[in-house]
Amino acid sequence: MQSTDLGNKESGKIWHRKPSPATRDGIIVNIIHTTSDYLPKVLRFLNVAFDSSGDCLIAGDHQGNIYVFDLSGNRFNLVQRTAQACTALAFNLRRKSEFLVALADYSIKCFDTVTKELISWMRGHESSVFSISVHASGRYAITTSSDTAQLWDLDTFQRKRKLNILQSVGIQKVFFLPLSNTILSCFKDNSIFAWECDTLFCKYQLPPPPESSSILYKVFAVTRDGRILAAGGKSNHLHLWCLEAKQLFRIIQMPTKVRAIRYLEFLPDSFDAGSNQPPPPLVKVIEDLPKSKLTSGDLKMKVTSGRVQRPAKPRENQIQTRILKQDLTGHFENKENELSDGLNKKRLQILLKGYGEYPTKYRMFIWRSLLQLPENHTAFSSLIDKGIHMAFLNLQKKYPIKSRKLLRVLQRTLSALAHWSAIFSDTPYLPLLAFPFVKLFQNNQLICFEVVATLIINWCQHWFEYFPNPPINILSMIENILAFHDKELLQHFRDHDITSQVYAWPLLETVFSEVLTREEWLKLFDNVFSNHPSFLLLTVVAYNICSRAPLLNCSLKDDFEYFFHHRNNLDISVVIREVYHLMDTTPGDIHPDNMLDVFVALTKGQYPVFNQYPKFIVDYQTQERERIRNDELDYLRERQTVENMQAEVDQQRVEDEAWYQKQELLRKAEETRREMLLQEEEKMIQQRQKLAAVKRELKVKEMHLQEAARRRFLKLQQDQREMELRRLEDEIERKIHMRDQEIATTVKDLEMRHLELESQKRLYEKNLTRDQETVAKEMREDADAYRRKVNLEERTFHRLIETDQTQNQKTQKLIEENLAKAEQACLNTDWRLQALHKQRCDDLQRNECYQEVAKLLRKNRRKEIEVLNAMMEKDATKWEEAEEKDFRLKSEKKVSALSDASRQWFLEKEINAALEHAEHPYHDGPRCQYEQVASSCLPRTSPVSDVSEVDASTWLSLNQRKIQWDTMEQDLLERVRNLRQRLTAQARNSCQTPHLLAT
């Protein structure tokens, strides 16, 4: 077994030596694809698809690389890089170089393997597409995903239909049955439906499988004839369904080691060009149960490993196989079957029987080889140069064709045929006969002409012997063949007066183009051109025999005519098989082979003369037609002259009638205008009356408007005055409001100032109390010191008195009286001084209060500053007074110290004098000396009285200051209340007389 690694190569050979299958598993070659990266890896191939011939396959890996492997040519080519994984692949059967690929992004693309170009891009699926099925004709394709199946037209690449189902069911596979227009849909619940391709009508549903075999179908395969369906899944059982009988006819049991079936495919058994010569698969039937009763148990067939035992083929097939082998190896050559282009007609017939039709890509080439077209360019050009034949000048009137190109090609082809042979200018069915070939070869008019000419020479033999009538002899042949093979159908035609001109001639004159589709017609003519010219006549008989069921149900002539001029639900493959059957079973005496000549090709250089028709009839018809044409021309000329004269007369009559009509119209117009003039005059009079009435109304309205304007002006003035008054009232209210706000602000400021004064008052009282306590403490200390000193002096003085008591009592009393008087005089003088000082302070404080209140009333913004200034002045005054009193206190202390020293000195002196007096009691002048000494030494105020006076005056001064401050504060509050009352009264008076306020 050989192994081929694709690597990074884009093309190359599949194998490098002659392939020989492995003896054990039959593998010819193993193809792998590895990368040449740093870490090499194997790229997996996900999908593979073969073409219709089996000689070429296409494969795609999970990275989007798509390769085409030509097994017969031993070549592989990288045709596309899609850059994403492919989920399904399929060849386009109509254009062999194109293929369809479903990608991971849910889209389907069509590429060309030769040009490697993108042909089309189809979108519409919402999940991965896992299956692509192409119709046998190559016209349609079905793409299947898990939730939907979509039908596409491969000519336009447009979506035609879409099948949606429930998600709970799911689609398993949807595909075309081979060689038919049937679509088979298989769902995940094991239900299988068959649908008509054109109408999507449900044809049938297969019954559910037996309960004993619980298989969930996942893979399916159908034979090439579309009769047997194989279904398998996750089981070792395989079900075979007969689609014609619509029942399960066999259950195959695989070996026990097989747990699931992943893929199914039927191998072709005949007409396979030797494709069965590889080794057969390693399975064979070893036991077949009896067929007494079709039950699930009876249907089972055991399968084990081994080689398949095929049934013996009939002798005819063996002969065909032997001939085919000789043709393929080249050891036997049949010169009669050799064609000009190197093809062998016998091989082509074998290939045609195997596949039913020629490949679309090579069909035109095969036809040209089978018909042996000479391609006489010069002769054809001479025919074309003669121009359009007169018989086909108005072809578009009888045959309206939408395509102008197709109409021109048809017109030229028919004209060339008419120039080639005169009979074709009078053949009424020639356009119907030539149209399908013109449509097929519209791009090559030479080939088109030669194909139609070859068809007329060979397959239209004896058609023109009864011209211009249908070919009675040909129709009689067809009727004889039909009488031999189906007498019942012919008798049915005769019973309803249906002749061969109804059931045979419409098919021949249109060469079946009206009753067949394009694909069916091409398939039919693949067989027509590959066989004897009698094949076309037998096709008419086969078409009737295959349609006998609907024909036997027809009873009206219109129904028969409609049947043979329209398409019917008939399988052309069945018709072709019936034709081959008729060719083999028709007796020689009525067989068309004995009445028709063999195929004769067109001659090279010049085309042969075609005169297989009654020439005298054609000539007579030509002469008669020419005479009729000349007579018609004369008649047309005379008719044209008469028509011209009649046209002139008609024109003159029309002009006269038009003049009279114009005069009548002018008269009527004049009368109409006069009536209109009278009506306009009446309308003018009425309008004048209306205008006068309107003027009166306008005058009245003007007066009303003037009055209304005057009233509106007066009302406007009144409104303006009222508005001015309201504005003044608003201004007054605003000013009152502003005044109230200012008063309220002033009151609040005064109240705030009162609170500040209260706070300051309490602070001052506190400071005064603290100062008084300090002063009192100092005074108590001084008083204590003074008392101690006085006590000391008194004790000293008492000792003095005690010592001199008896002698100086009178002198002492006199001195005490004098001292008491002097002390009383000092006290009175101090009280007077204090009263005058109090009055002067009251006057000053009253004046200051008046000034402060006046300042507060005049300047509200400077109140705080003035109060602070007043406080600062008070504070400065008090500090000056405190300094003055401190100075006086210091002076008094000095005086007291001097007095103490004087008294001390006096006491010491007196004590000394007393001691001396005690020693000398009767010394002269003691009293005078004592008074002199006392008057000279004692101060005017005694220490005791001076200390008492200083303490009392200080205390009195402080109390008077407090009383004066309280009085001033009460007076200030009283003045503020009075001022507020006056402002409120003034505001009330202002509200009552706003005009005075405004003035």
# chains A, B, ... in the order shown; residues from 1 in each chain; ligands from 1
call {"tool": "residues_around", "arguments": {"residues": "A:Arg494", "least_positions_apart": "5", "cutoff": "12 Å", "atoms": "only C-alpha atoms", "output": "MDAnalysis selection string"}}
result
chainID A and resid 479 483 487:489 499:500 502:503 552 555 557
call {"tool": "residues_around", "arguments": {"residues": "A:Leu103", "least_positions_apart": "4", "cutoff": "7 Å", "atoms": "only C-alpha atoms", "output": "number ranges by chain"}}
result
A: 84-87, 107-108
call {"tool": "write_last_selection", "arguments": {"atoms": "N, CA and C atoms", "output": "mmCIF file, in the first residue's frame"}}
result
data_model
loop_
_atom_site.group_PDB
_atom_site.id
_atom_site.type_symbol
_atom_site.label_atom_id
_atom_site.label_comp_id
_atom_site.auth_asym_id
_atom_site.auth_seq_id
_atom_site.Cartn_x
_atom_site.Cartn_y
_atom_site.Cartn_z
ATOM 1 N N GLN A 84 -11.486 28.258 6.648
ATOM 2 C CA GLN A 84 -12.376 27.737 7.688
ATOM 3 C C GLN A 84 -12.810 26.334 7.284
ATOM 4 N N ALA A 85 -13.176 25.561 8.279
ATOM 5 C CA ALA A 85 -13.489 24.154 8.049
ATOM 6 C C ALA A 85 -14.712 24.016 7.152
ATOM 7 N N CYS A 86 -14.664 22.990 6.264
ATOM 8 C CA CYS A 86 -15.807 22.691 5.410
ATOM 9 C C CYS A 86 -16.626 21.585 6.069
ATOM 10 N N THR A 87 -17.944 21.730 6.007
ATOM 11 C CA THR A 87 -18.844 20.768 6.646
ATOM 12 C C THR A 87 -19.533 19.851 5.652
ATOM 13 N N SER A 107 -22.467 29.239 5.640
ATOM 14 C CA SER A 107 -22.690 29.680 4.268
ATOM 15 C C SER A 107 -22.285 28.571 3.303
ATOM 16 N N ILE A 108 -22.805 28.674 2.050
ATOM 17 C CA ILE A 108 -22.468 27.739 0.986
ATOM 18 C C ILE A 108 -21.852 28.538 -0.152
#
call {"tool": "residues_around", "arguments": {"residues": "stretch 591-602 of chain A", "least_positions_apart": "3", "cutoff": "10 Å", "atoms": "only C-alpha atoms", "output": "VMD selection string"}}
result
chain A and resid 370 to 376 450 to 451 453 to 455 457 to 462 474 477 to 478 480 to 481 529 531 to 538 582 to 588 605 to 608
call {"tool": "atom_distance", "arguments": {"atom1": "atom CA of A:Leu432", "atom2": "atom CA of A:Phe449"}}
result
14.2 Å
call {"tool": "residues_around", "arguments": {"residues": "A:Pro431", "least_positions_apart": "4", "cutoff": "12 Å", "atoms": "only C-alpha atoms", "output": "short mmCIF file (atom, residue, chain, number, x, y, z; two decimals) with C-alpha atoms, in the first residue's frame"}}
result
data_model
loop_
_atom_site.label_atom_id
_atom_site.label_comp_id
_atom_site.auth_asym_id
_atom_site.auth_seq_id
_atom_site.Cartn_x
_atom_site.Cartn_y
_atom_site.Cartn_z
CA ALA A 391 -41.17 33.76 -45.74
CA PHE A 392 -39.69 34.65 -42.35
CA LEU A 395 -41.63 35.64 -37.89
CA GLN A 396 -42.01 37.59 -34.63
CA LYS A 398 -46.43 34.38 -35.36
CA TYR A 399 -43.78 33.35 -32.82
CA PRO A 400 -43.28 36.21 -30.28
CA ILE A 401 -39.98 35.50 -28.53
CA LEU A 407 -35.31 35.53 -32.47
CA VAL A 409 -30.73 33.35 -34.62
CA LEU A 410 -33.98 31.49 -35.34
CA GLN A 411 -34.78 33.82 -38.23
CA ARG A 412 -31.31 33.37 -39.77
CA THR A 413 -31.34 29.60 -39.34
CA LEU A 414 -34.78 29.25 -40.96
CA SER A 415 -33.73 31.60 -43.77
CA LEU A 417 -32.71 26.36 -44.56
CA ALA A 418 -35.13 28.06 -46.95
CA PHE A 424 -38.50 24.82 -46.16
CA SER A 425 -39.89 28.24 -46.97
CA ASP A 426 -43.38 26.65 -47.03
CA THR A 427 -42.97 24.18 -44.18
CA PHE A 435 -36.40 26.07 -32.16
CA PRO A 436 -35.00 23.69 -29.46
CA PHE A 437 -31.74 23.32 -31.43
CA VAL A 438 -31.56 27.07 -32.01
CA LYS A 439 -31.97 27.65 -28.29
CA VAL A 452 -31.04 20.78 -38.00
CA GLU A 509 -43.20 18.20 -35.61
CA THR A 510 -41.98 19.64 -32.29
CA VAL A 511 -39.43 16.81 -31.73
CA SER A 513 -39.87 19.91 -27.14
#
call {"tool": "atom_distance", "arguments": {"atom1": "atom CA of A:Glu731", "atom2": "atom CA of A:Asp749"}}
result
25.8 Å
call {"tool": "closest_atom_pairs", "arguments": {"of": "stretch 60-111 of chain A", "to": "stretch 14-19 of chain A", "cutoff": "10 Å", "atoms": "only C-alpha atoms", "output": "CSV"}}
result
residue,atom,partner,partner_atom,distance
A:Phe69,CA,A:Ile14,CA,7.6
A:Asp70,CA,A:Ile14,CA,8.4
A:Leu71,CA,A:Ile14,CA,7.8
A:Gly73,CA,A:Ile14,CA,9.1
A:Asn74,CA,A:Ile14,CA,5.4
A:Arg75,CA,A:Ile14,CA,5.6
A:Phe76,CA,A:Ile14,CA,6.3
A:Asn77,CA,A:Ile14,CA,9.9
call {"tool": "write_last_selection", "arguments": {"atoms": "N, CA and C atoms", "output": "PDB file, in the first residue's frame"}}
result
ATOM      1  N   PHE A  69      -8.761  15.382  -6.506  1.00  0.00           N
ATOM      2  CA  PHE A  69      -7.936  14.223  -6.844  1.00  0.00           C
ATOM      3  C   PHE A  69      -8.503  13.584  -8.107  1.00  0.00           C
ATOM      4  N   ASP A  70      -7.710  13.616  -9.188  1.00  0.00           N
ATOM      5  CA  ASP A  70      -8.077  12.991 -10.464  1.00  0.00           C
ATOM      6  C   ASP A  70      -7.468  11.599 -10.482  1.00  0.00           C
ATOM      7  N   LEU A  71      -8.305  10.576 -10.230  1.00  0.00           N
ATOM      8  CA  LEU A  71      -7.781   9.217 -10.112  1.00  0.00           C
ATOM      9  C   LEU A  71      -7.337   8.676 -11.459  1.00  0.00           C
ATOM     10  N   GLY A  73      -6.281  10.503 -14.015  1.00  0.00           N
ATOM     11  CA  GLY A  73      -5.102  11.238 -14.462  1.00  0.00           C
ATOM     12  C   GLY A  73      -3.953  11.221 -13.482  1.00  0.00           C
ATOM     13  N   ASN A  74      -4.136  10.595 -12.297  1.00  0.00           N
ATOM     14  CA  ASN A  74      -3.088  10.492 -11.282  1.00  0.00           C
ATOM     15  C   ASN A  74      -2.532  11.871 -10.921  1.00  0.00           C
ATOM     16  N   ARG A  75      -3.453  12.825 -10.628  1.00  0.00           N
ATOM     17  CA  ARG A  75      -3.044  14.169 -10.262  1.00  0.00           C
ATOM     18  C   ARG A  75      -3.913  14.664  -9.109  1.00  0.00           C
ATOM     19  N   PHE A  76      -3.314  15.511  -8.289  1.00  0.00           N
ATOM     20  CA  PHE A  76      -4.087  16.233  -7.281  1.00  0.00           C
ATOM     21  C   PHE A  76      -3.735  17.716  -7.386  1.00  0.00           C
ATOM     22  N   ASN A  77      -4.709  18.556  -7.061  1.00  0.00           N
ATOM     23  CA  ASN A  77      -4.531  20.010  -7.143  1.00  0.00           C
ATOM     24  C   ASN A  77      -5.224  20.664  -5.962  1.00  0.00           C
TER      25      ASN A  77
END
call {"tool": "atom_distance", "arguments": {"atom1": "atom CA of A:Tyr429", "atom2": "atom CA of A:Ile576"}}
result
24.7 Å
call {"tool": "select_by_dssp", "arguments": {"residues": "stretch 330-529 of chain A", "states": "helix (DSSP H, G or I)", "output": "ChimeraX atom specification"}}
result
/A:335-337,345-355,360-371,377-385,390-392,395-398,404-420,422-425,430-440,445-458,472-485,487-495,500-503,505-509,518-529
